[in-house]
file protein-v5.cif (mmCIF, C-alpha atoms)
data_query
loop_
_atom_site.label_atom_id
_atom_site.label_comp_id
_atom_site.auth_asym_id
_atom_site.auth_seq_id
_atom_site.Cartn_x
_atom_site.Cartn_y
_atom_site.Cartn_z
CA MET P 1 0.00 0.00 0.00
CA LYS P 2 2.89 2.27 0.75
CA ASN P 3 4.16 1.78 -2.83
CA PHE P 4 0.70 2.40 -4.20
CA SER P 5 0.43 5.65 -2.20
CA MET P 6 3.82 6.76 -3.44
CA LEU P 7 2.81 5.92 -7.01
CA MET P 8 -0.42 7.88 -6.66
CA LEU P 9 1.46 10.81 -5.19
CA ALA P 10 3.89 10.70 -8.14
CA VAL P 11 0.98 10.60 -10.64
CA ILE P 12 -0.78 13.50 -8.90
CA PHE P 13 2.48 15.45 -8.82
CA ALA P 14 3.15 14.73 -12.51
CA VAL P 15 -0.37 15.78 -13.49
CA SER P 16 -0.23 18.95 -11.39
CA ILE P 17 3.05 20.16 -12.88
CA GLY P 18 1.83 19.16 -16.34
CA TRP P 19 4.16 17.32 -18.54
CA ALA P 20 4.62 19.45 -21.64
CA VAL P 21 6.99 19.90 -24.50
CA GLU P 22 7.47 23.25 -26.13
CA ASN P 23 9.32 24.78 -29.02
CA SER P 24 9.36 28.34 -30.32
CA PHE P 25 9.86 30.59 -33.30
CA THR P 26 10.68 34.29 -33.64
CA ILE P 27 9.17 36.99 -35.78
CA THR P 28 11.48 39.38 -37.56
CA VAL P 29 9.94 42.31 -39.40
CA THR P 30 10.99 45.65 -40.83
CA VAL P 31 8.39 48.23 -41.72
CA GLU P 32 8.87 50.19 -44.94
CA TYR P 33 10.44 53.50 -44.00
CA LEU P 34 10.29 56.48 -46.33
CA GLN P 35 12.44 59.55 -45.80
CA VAL P 36 13.40 62.36 -48.14
CA ASP P 37 15.63 65.31 -47.34
CA LEU P 38 16.12 68.24 -49.71
CA ARG P 39 19.65 69.63 -49.57
CA THR P 40 21.67 72.22 -51.48
CA ALA P 41 23.70 70.91 -54.43
CA ASP P 42 26.85 70.71 -52.27
CA ASP P 43 24.93 69.01 -49.40
CA ALA P 44 25.92 71.86 -47.05
CA GLU P 45 22.44 72.80 -45.81
CA ASP P 46 18.71 72.28 -46.26
CA TYR P 47 17.32 73.50 -49.58
CA THR P 48 14.55 76.01 -48.91
CA THR P 49 14.09 78.55 -51.71
CA TRP P 50 14.71 79.04 -55.40
CA ALA P 51 14.40 82.83 -55.55
CA LEU P 52 13.80 83.91 -59.14
CA GLY P 53 13.06 87.56 -58.43
CA THR P 54 11.22 89.61 -61.04
CA VAL P 55 10.94 87.91 -64.45
CA SER P 56 9.31 88.71 -67.77
CA ALA P 57 5.95 87.19 -68.73
CA GLY P 58 6.56 83.78 -70.30
CA GLU P 59 10.25 83.72 -69.26
CA THR P 60 11.81 80.30 -68.56
CA ASN P 61 14.36 79.74 -65.80
CA THR P 62 16.28 76.50 -65.22
CA MET P 63 18.21 75.46 -62.12
CA THR P 64 21.97 75.37 -62.60
CA THR P 65 24.45 72.47 -62.45
CA GLY P 66 27.63 71.98 -60.41
CA SER P 67 28.35 71.81 -56.69
CA GLY P 68 27.60 75.55 -56.46
CA GLY P 69 24.45 75.19 -58.57
CA ASN P 70 21.00 76.09 -57.35
CA HIS P 71 19.48 72.64 -57.95
CA VAL P 72 18.34 70.23 -55.22
CA LEU P 73 20.16 67.20 -53.87
CA VAL P 74 17.41 64.73 -52.98
CA LYS P 75 18.65 62.48 -50.18
CA ASN P 76 16.74 59.23 -50.23
CA GLY P 77 16.73 57.86 -46.68
CA SER P 78 14.15 55.19 -47.54
CA ASN P 79 14.83 51.54 -46.80
CA VAL P 80 12.89 50.34 -49.86
CA SER P 81 12.82 51.09 -53.57
CA VAL P 82 10.64 54.15 -54.25
CA ASP P 83 9.19 56.23 -57.04
CA PHE P 84 9.84 59.97 -56.83
CA SER P 85 7.19 62.43 -57.91
CA ALA P 86 6.58 66.14 -57.53
CA TYR P 87 3.69 68.54 -57.39
CA SER P 88 3.20 72.20 -56.52
CA THR P 89 0.69 74.39 -54.75
CA THR P 90 0.17 78.12 -54.64
CA ALA P 91 -2.38 80.59 -53.31
CA ALA P 92 -3.41 84.12 -54.20
CA PRO P 93 -0.90 86.60 -52.78
CA ALA P 94 -1.79 89.40 -50.40
CA SER P 95 -2.81 92.65 -52.03
CA CYS P 96 0.25 94.55 -53.21
CA GLY P 97 -1.36 97.46 -55.01
CA TYR P 98 -0.69 96.10 -58.52
CA GLY P 99 -3.81 94.60 -60.06
CA SER P 100 -6.14 92.04 -58.55
CA PRO P 101 -4.31 89.33 -56.55
CA THR P 102 -5.00 86.02 -58.29
CA ALA P 103 -3.78 82.51 -57.57
CA TRP P 104 -1.76 80.94 -60.34
CA THR P 105 -2.20 77.34 -61.40
CA ALA P 106 0.24 74.79 -62.77
CA GLY P 107 -0.46 73.75 -66.35
CA THR P 108 0.94 71.79 -69.26
CA SER P 109 2.00 75.11 -70.78
CA ALA P 110 2.33 78.68 -69.56
CA GLY P 111 -0.71 80.90 -70.08
CA ALA P 112 -2.84 83.52 -68.34
CA ASP P 113 -2.16 83.11 -64.59
CA THR P 114 -0.82 79.63 -65.42
CA TYR P 115 2.80 78.60 -64.97
CA LEU P 116 4.69 75.63 -66.39
CA LEU P 117 6.78 73.67 -63.91
CA GLU P 118 8.98 70.86 -65.17
CA GLY P 119 11.62 68.82 -63.48
CA GLY P 120 13.70 65.72 -63.54
CA LYS P 121 16.61 63.71 -62.29
CA GLY P 122 20.06 64.74 -63.44
CA ASP P 123 23.49 64.45 -61.94
CA LEU P 124 25.81 67.03 -60.43
CA SER P 125 27.09 68.29 -63.76
CA SER P 126 24.22 67.67 -66.20
CA LEU P 127 20.57 68.53 -66.57
CA PRO P 128 17.94 65.80 -66.93
CA SER P 129 17.86 64.03 -70.28
CA SER P 130 14.05 64.41 -70.23
CA TRP P 131 11.70 66.70 -68.33
CA THR P 132 8.45 65.79 -66.56
CA THR P 133 5.63 68.34 -66.44
CA PHE P 134 4.32 68.84 -62.91
CA ASP P 135 0.75 69.93 -63.44
CA ASP P 136 -0.73 67.61 -60.81
CA ALA P 137 -1.76 69.43 -57.62
CA SER P 138 -2.36 66.27 -55.61
CA PRO P 139 0.02 64.59 -53.14
CA THR P 140 0.68 61.71 -55.53
CA GLY P 141 2.28 64.15 -57.97
CA ASP P 142 3.79 63.35 -61.36
CA VAL P 143 6.52 60.65 -61.30
CA TYR P 144 9.92 61.80 -62.56
CA ALA P 145 12.10 58.93 -61.27
CA SER P 146 10.76 55.43 -60.76
CA GLY P 147 12.26 52.46 -58.98
CA GLU P 148 14.97 54.38 -57.14
CA ALA P 149 16.89 51.98 -54.90
CA ALA P 150 16.95 52.46 -51.13
CA GLU P 151 19.56 54.90 -49.79
CA THR P 152 20.37 56.38 -53.23
CA ASP P 153 20.51 60.14 -53.68
CA HIS P 154 19.95 62.12 -56.86
CA HIS P 155 20.06 65.67 -58.19
CA PHE P 156 16.69 67.26 -58.98
CA TYR P 157 16.44 70.09 -61.48
CA ALA P 158 13.42 72.31 -62.04
CA ARG P 159 12.53 74.42 -65.04
CA PHE P 160 9.95 77.17 -64.45
CA THR P 161 8.12 79.16 -67.11
CA ALA P 162 6.26 82.21 -65.80
CA PRO P 163 2.66 82.89 -66.86
CA THR P 164 2.37 84.64 -70.21
CA SER P 165 0.02 87.21 -68.66
CA VAL P 166 -0.96 87.92 -65.05
CA SER P 167 -3.79 89.59 -63.15
CA ASP P 168 -1.46 91.17 -60.60
CA GLY P 169 2.11 92.35 -60.16
CA CYS P 170 2.51 90.79 -56.70
CA GLU P 171 5.12 88.31 -55.53
CA HIS P 172 3.79 84.74 -55.78
CA THR P 173 4.99 81.83 -53.68
CA ILE P 174 4.89 78.35 -55.21
CA THR P 175 5.60 75.40 -52.93
CA VAL P 176 7.10 72.36 -54.65
CA TYR P 177 6.78 68.98 -52.94
CA ILE P 178 9.08 66.04 -53.69
CA VAL P 179 7.34 62.78 -52.80
CA ALA P 180 8.76 59.29 -52.25
CA GLN P 181 6.14 56.58 -52.60
#
call {"tool": "encode", "arguments": {"input": "protein-v5.cif", "output": "structure tokens"}}
result
Amino acid sequence: MKNFSMLMLAVIFAVSIGWAVENSFTITVTVEYLQVDLRTADDAEDYTTWALGTVSAGETNTMTTGSGGNHVLVKNGSNVSVDFSAYSTTAAPASCGYGSPTAWTAGTSAGADTYLLEGGKGDLSSLPSSWTTFDDASPTGDVYASGEAAETDHHFYARFTAPTSVSDGCEHTITVYIVAQ
């Protein structure tokens, strides 16, 4: 009986601690990370403004090449391949005493209160081999460089053609967005 009691105690003990076998696996995951920084051509500071000053109606201006050029170094800090696009927005300026302040719009060609904005990927010493028209005002923009590998930088050049006629002589501010998607 003593052996039977010991056996029962061992069975109860074994059941209470639960005989189990386990194994495991781990999950490794990296979330897509998109980052874009706009820098001066020589990568010395953030790129903030392309100041064209006063221009003639219908005049075209193009960013310049070289490490001292006024183009943009687009630093791709993304960890995945991305498409780069661009779009622009603008609003009517404050009254300046010259005409009736009117918002300009981006178009496929310059016209009355309509500007033409084009851009593309070049390198430090050469302009893009082809230009993309940025007439889209939505955050998806118009793609100018597709399938750019992670952590690769490029030089972005813009070409701006002023409206051929305007409703005001005020300073207009156009904001250009570079999008990685």
call {"tool": "resolve_selection", "arguments": {"input": "protein-v5.cif", "expression": "the PyMOL selection byres ((chain P and resi 83) around 9)", "output": "JSON, numbers by chain"}}
result
{"P": [81, 82, 84, 85, 143, 144, 145, 146, 147, 148, 179, 180, 181]}
call {"tool": "residues_around", "arguments": {"input": "protein-v5.cif", "residues": "P:Ala92", "least_positions_apart": "4", "cutoff": "6 Å", "atoms": "all atoms listed in the file", "output": "PyMOL selection string"}}
result
chain P and resi 101-103
call {"tool": "atom_distance", "arguments": {"input": "protein-v5.cif", "atom1": "atom CA of P:Ser67", "atom2": "atom CA of P:Ala86"}}
result
22.5 Å
call {"tool": "residues_around", "arguments": {"input": "protein-v5.cif", "residues": "P:Ser95", "least_positions_apart": "4", "cutoff": "10 Å", "atoms": "only C-alpha atoms", "output": "list in words"}}
result
Gly99, Ser100, Pro101, Thr102, Asp168, Gly169, Cys170 and Glu171 of chain P
call {"tool": "closest_residue", "arguments": {"input": "protein-v5.cif", "among": "P:Ser165, P:Ser56, P:Thr49, P:Ser88", "to": "P:Ser138", "atoms": "all atoms listed in the file"}}
result
P:Ser88
call {"tool": "closest_residue", "arguments": {"input": "protein-v5.cif", "among": "P:Thr161, P:Thr54, P:Thr40, P:Thr28", "to": "P:Gly111", "atoms": "only C-alpha atoms"}}
result
P:Thr161
call {"tool": "residues_around", "arguments": {"input": "protein-v5.cif", "residues": "stretch 115-119 of chain P", "least_positions_apart": "2", "cutoff": "6 Å", "atoms": "all atoms listed in the file", "output": "compact mmCIF listing (two decimals) with C-alpha atoms, in the coordinates of the input"}}
result
# COMPACT_ATOMS: atom_id res chain seq x y z
CA ALA P 106 0.24 74.79 -62.77
CA GLY P 107 -0.46 73.75 -66.35
CA SER P 109 2.00 75.11 -70.78
CA ALA P 110 2.33 78.68 -69.56
CA TRP P 131 11.70 66.70 -68.33
CA THR P 132 8.45 65.79 -66.56
CA THR P 133 5.63 68.34 -66.44
CA PHE P 134 4.32 68.84 -62.91
CA TYR P 157 16.44 70.09 -61.48
CA ALA P 158 13.42 72.31 -62.04
CA ARG P 159 12.53 74.42 -65.04
CA PHE P 160 9.95 77.17 -64.45
CA THR P 161 8.12 79.16 -67.11
CA ALA P 162 6.26 82.21 -65.80
CA PRO P 163 2.66 82.89 -66.86
call {"tool": "resolve_selection", "arguments": {"input": "protein-v5.cif", "expression": "the PyMOL selection byres ((chain P and resi 66) around 6)", "output": "VMD selection string"}}
result
chain P and resid 65 67 to 69 124 to 125
call {"tool": "atom_distance", "arguments": {"input": "protein-v5.cif", "atom1": "atom CA of P:Thr108", "atom2": "atom CA of P:His155"}}
result
22.9 Å
call {"tool": "closest_residue", "arguments": {"input": "protein-v5.cif", "among": "P:Thr140, P:Val55, P:His154, P:Thr60", "to": "P:Asp42", "atoms": "only C-alpha atoms"}}
result
P:His154
call {"tool": "resolve_selection", "arguments": {"input": "protein-v5.cif", "expression": "the PyMOL selection byres ((chain P and resi 46) around 12)", "output": "compact mmCIF listing (two decimals) with C-alpha atoms, in the coordinates of the input"}}
result
# COMPACT_ATOMS: atom_id res chain seq x y z
CA VAL P 36 13.40 62.36 -48.14
CA ASP P 37 15.63 65.31 -47.34
CA LEU P 38 16.12 68.24 -49.71
CA ARG P 39 19.65 69.63 -49.57
CA THR P 40 21.67 72.22 -51.48
CA ALA P 41 23.70 70.91 -54.43
CA ASP P 42 26.85 70.71 -52.27
CA ASP P 43 24.93 69.01 -49.40
CA ALA P 44 25.92 71.86 -47.05
CA GLU P 45 22.44 72.80 -45.81
CA TYR P 47 17.32 73.50 -49.58
CA THR P 48 14.55 76.01 -48.91
CA THR P 49 14.09 78.55 -51.71
CA ASN P 70 21.00 76.09 -57.35
CA HIS P 71 19.48 72.64 -57.95
CA VAL P 72 18.34 70.23 -55.22
CA LEU P 73 20.16 67.20 -53.87
CA VAL P 74 17.41 64.73 -52.98
CA LYS P 75 18.65 62.48 -50.18
call {"tool": "atom_distance", "arguments": {"input": "protein-v5.cif", "atom1": "atom CA of P:Asp153", "atom2": "atom CA of P:Tyr177"}}
result
16.3 Å
call {"tool": "build_atoms", "arguments": {"input": "protein-v5.cif", "residues": "stretch 169-180 of chain P", "atoms": "all heavy atoms", "output": "PDB file, in the coordinates of the input"}}
result
ATOM      1  N   GLY P 169       0.657  92.215 -60.140  1.00  0.00           N
ATOM      2  CA  GLY P 169       2.110  92.350 -60.160  1.00  0.00           C
ATOM      3  C   GLY P 169       2.726  92.027 -58.804  1.00  0.00           C
ATOM      4  O   GLY P 169       3.776  92.553 -58.455  1.00  0.00           O
ATOM      5  N   CYS P 170       2.062  91.157 -58.043  1.00  0.00           N
ATOM      6  CA  CYS P 170       2.510  90.790 -56.700  1.00  0.00           C
ATOM      7  C   CYS P 170       3.496  89.628 -56.744  1.00  0.00           C
ATOM      8  O   CYS P 170       3.563  88.892 -57.726  1.00  0.00           O
ATOM      9  CB  CYS P 170       1.305  90.377 -55.847  1.00  0.00           C
ATOM     10  SG  CYS P 170      -0.007  91.615 -55.740  1.00  0.00           S
ATOM     11  N   GLU P 171       4.236  89.462 -55.660  1.00  0.00           N
ATOM     12  CA  GLU P 171       5.120  88.310 -55.530  1.00  0.00           C
ATOM     13  C   GLU P 171       4.278  87.071 -55.222  1.00  0.00           C
ATOM     14  O   GLU P 171       3.454  87.083 -54.318  1.00  0.00           O
ATOM     15  CB  GLU P 171       6.126  88.529 -54.407  1.00  0.00           C
ATOM     16  CG  GLU P 171       7.074  87.360 -54.223  1.00  0.00           C
ATOM     17  CD  GLU P 171       8.095  87.589 -53.128  1.00  0.00           C
ATOM     18  OE1 GLU P 171       7.754  87.352 -51.959  1.00  0.00           O
ATOM     19  OE2 GLU P 171       9.211  88.041 -53.456  1.00  0.00           O
ATOM     20  N   HIS P 172       4.495  86.006 -55.983  1.00  0.00           N
ATOM     21  CA  HIS P 172       3.790  84.740 -55.780  1.00  0.00           C
ATOM     22  C   HIS P 172       4.735  83.716 -55.175  1.00  0.00           C
ATOM     23  O   HIS P 172       5.918  83.683 -55.519  1.00  0.00           O
ATOM     24  CB  HIS P 172       3.247  84.208 -57.117  1.00  0.00           C
ATOM     25  CG  HIS P 172       2.047  84.952 -57.592  1.00  0.00           C
ATOM     26  ND1 HIS P 172       0.785  84.413 -57.565  1.00  0.00           N
ATOM     27  CD2 HIS P 172       1.910  86.202 -58.090  1.00  0.00           C
ATOM     28  CE1 HIS P 172      -0.080  85.293 -58.039  1.00  0.00           C
ATOM     29  NE2 HIS P 172       0.586  86.396 -58.365  1.00  0.00           N
ATOM     30  N   THR P 173       4.215  82.896 -54.298  1.00  0.00           N
ATOM     31  CA  THR P 173       4.990  81.830 -53.680  1.00  0.00           C
ATOM     32  C   THR P 173       4.418  80.498 -54.152  1.00  0.00           C
ATOM     33  O   THR P 173       3.221  80.237 -54.001  1.00  0.00           O
ATOM     34  CB  THR P 173       4.913  81.905 -52.145  1.00  0.00           C
ATOM     35  OG1 THR P 173       5.449  83.164 -51.739  1.00  0.00           O
ATOM     36  CG2 THR P 173       5.686  80.773 -51.498  1.00  0.00           C
ATOM     37  N   ILE P 174       5.280  79.687 -54.730  1.00  0.00           N
ATOM     38  CA  ILE P 174       4.890  78.350 -55.210  1.00  0.00           C
ATOM     39  C   ILE P 174       5.669  77.351 -54.358  1.00  0.00           C
ATOM     40  O   ILE P 174       6.891  77.429 -54.265  1.00  0.00           O
ATOM     41  CB  ILE P 174       5.239  78.185 -56.695  1.00  0.00           C
ATOM     42  CG1 ILE P 174       4.485  79.229 -57.521  1.00  0.00           C
ATOM     43  CG2 ILE P 174       4.948  76.761 -57.163  1.00  0.00           C
ATOM     44  CD1 ILE P 174       4.991  79.394 -58.931  1.00  0.00           C
ATOM     45  N   THR P 175       4.965  76.427 -53.749  1.00  0.00           N
ATOM     46  CA  THR P 175       5.600  75.400 -52.930  1.00  0.00           C
ATOM     47  C   THR P 175       5.676  74.124 -53.752  1.00  0.00           C
ATOM     48  O   THR P 175       4.659  73.651 -54.266  1.00  0.00           O
ATOM     49  CB  THR P 175       4.819  75.149 -51.629  1.00  0.00           C
ATOM     50  OG1 THR P 175       4.714  76.388 -50.922  1.00  0.00           O
ATOM     51  CG2 THR P 175       5.522  74.114 -50.763  1.00  0.00           C
ATOM     52  N   VAL P 176       6.884  73.584 -53.898  1.00  0.00           N
ATOM     53  CA  VAL P 176       7.100  72.360 -54.650  1.00  0.00           C
ATOM     54  C   VAL P 176       7.367  71.236 -53.655  1.00  0.00           C
ATOM     55  O   VAL P 176       8.216  71.377 -52.768  1.00  0.00           O
ATOM     56  CB  VAL P 176       8.291  72.485 -55.631  1.00  0.00           C
ATOM     57  CG1 VAL P 176       8.523  71.185 -56.379  1.00  0.00           C
ATOM     58  CG2 VAL P 176       8.042  73.646 -56.605  1.00  0.00           C
ATOM     59  N   TYR P 177       6.635  70.139 -53.814  1.00  0.00           N
ATOM     60  CA  TYR P 177       6.780  68.980 -52.940  1.00  0.00           C
ATOM     61  C   TYR P 177       7.429  67.847 -53.724  1.00  0.00           C
ATOM     62  O   TYR P 177       7.009  67.545 -54.840  1.00  0.00           O
ATOM     63  CB  TYR P 177       5.408  68.504 -52.441  1.00  0.00           C
ATOM     64  CG  TYR P 177       4.684  69.538 -51.605  1.00  0.00           C
ATOM     65  CD1 TYR P 177       3.842  70.480 -52.194  1.00  0.00           C
ATOM     66  CD2 TYR P 177       4.851  69.568 -50.237  1.00  0.00           C
ATOM     67  CE1 TYR P 177       3.184  71.416 -51.433  1.00  0.00           C
ATOM     68  CE2 TYR P 177       4.197  70.518 -49.458  1.00  0.00           C
ATOM     69  CZ  TYR P 177       3.353  71.431 -50.070  1.00  0.00           C
ATOM     70  OH  TYR P 177       2.705  72.372 -49.302  1.00  0.00           O
ATOM     71  N   ILE P 178       8.446  67.248 -53.141  1.00  0.00           N
ATOM     72  CA  ILE P 178       9.080  66.040 -53.690  1.00  0.00           C
ATOM     73  C   ILE P 178       8.562  64.880 -52.839  1.00  0.00           C
ATOM     74  O   ILE P 178       8.666  64.920 -51.609  1.00  0.00           O
ATOM     75  CB  ILE P 178      10.618  66.111 -53.601  1.00  0.00           C
ATOM     76  CG1 ILE P 178      11.159  67.371 -54.294  1.00  0.00           C
ATOM     77  CG2 ILE P 178      11.248  64.839 -54.154  1.00  0.00           C
ATOM     78  CD1 ILE P 178      11.030  67.403 -55.780  1.00  0.00           C
ATOM     79  N   VAL P 179       8.012  63.876 -53.498  1.00  0.00           N
ATOM     80  CA  VAL P 179       7.340  62.780 -52.800  1.00  0.00           C
ATOM     81  C   VAL P 179       8.027  61.453 -53.118  1.00  0.00           C
ATOM     82  O   VAL P 179       8.295  61.153 -54.286  1.00  0.00           O
ATOM     83  CB  VAL P 179       5.867  62.698 -53.241  1.00  0.00           C
ATOM     84  CG1 VAL P 179       5.133  61.601 -52.490  1.00  0.00           C
ATOM     85  CG2 VAL P 179       5.162  64.039 -53.044  1.00  0.00           C
ATOM     86  N   ALA P 180       8.280  60.668 -52.080  1.00  0.00           N
ATOM     87  CA  ALA P 180       8.760  59.290 -52.250  1.00  0.00           C
ATOM     88  C   ALA P 180       7.582  58.384 -51.915  1.00  0.00           C
ATOM     89  O   ALA P 180       6.974  58.514 -50.871  1.00  0.00           O
ATOM     90  CB  ALA P 180       9.927  58.997 -51.315  1.00  0.00           C
TER      91      ALA P 180
END
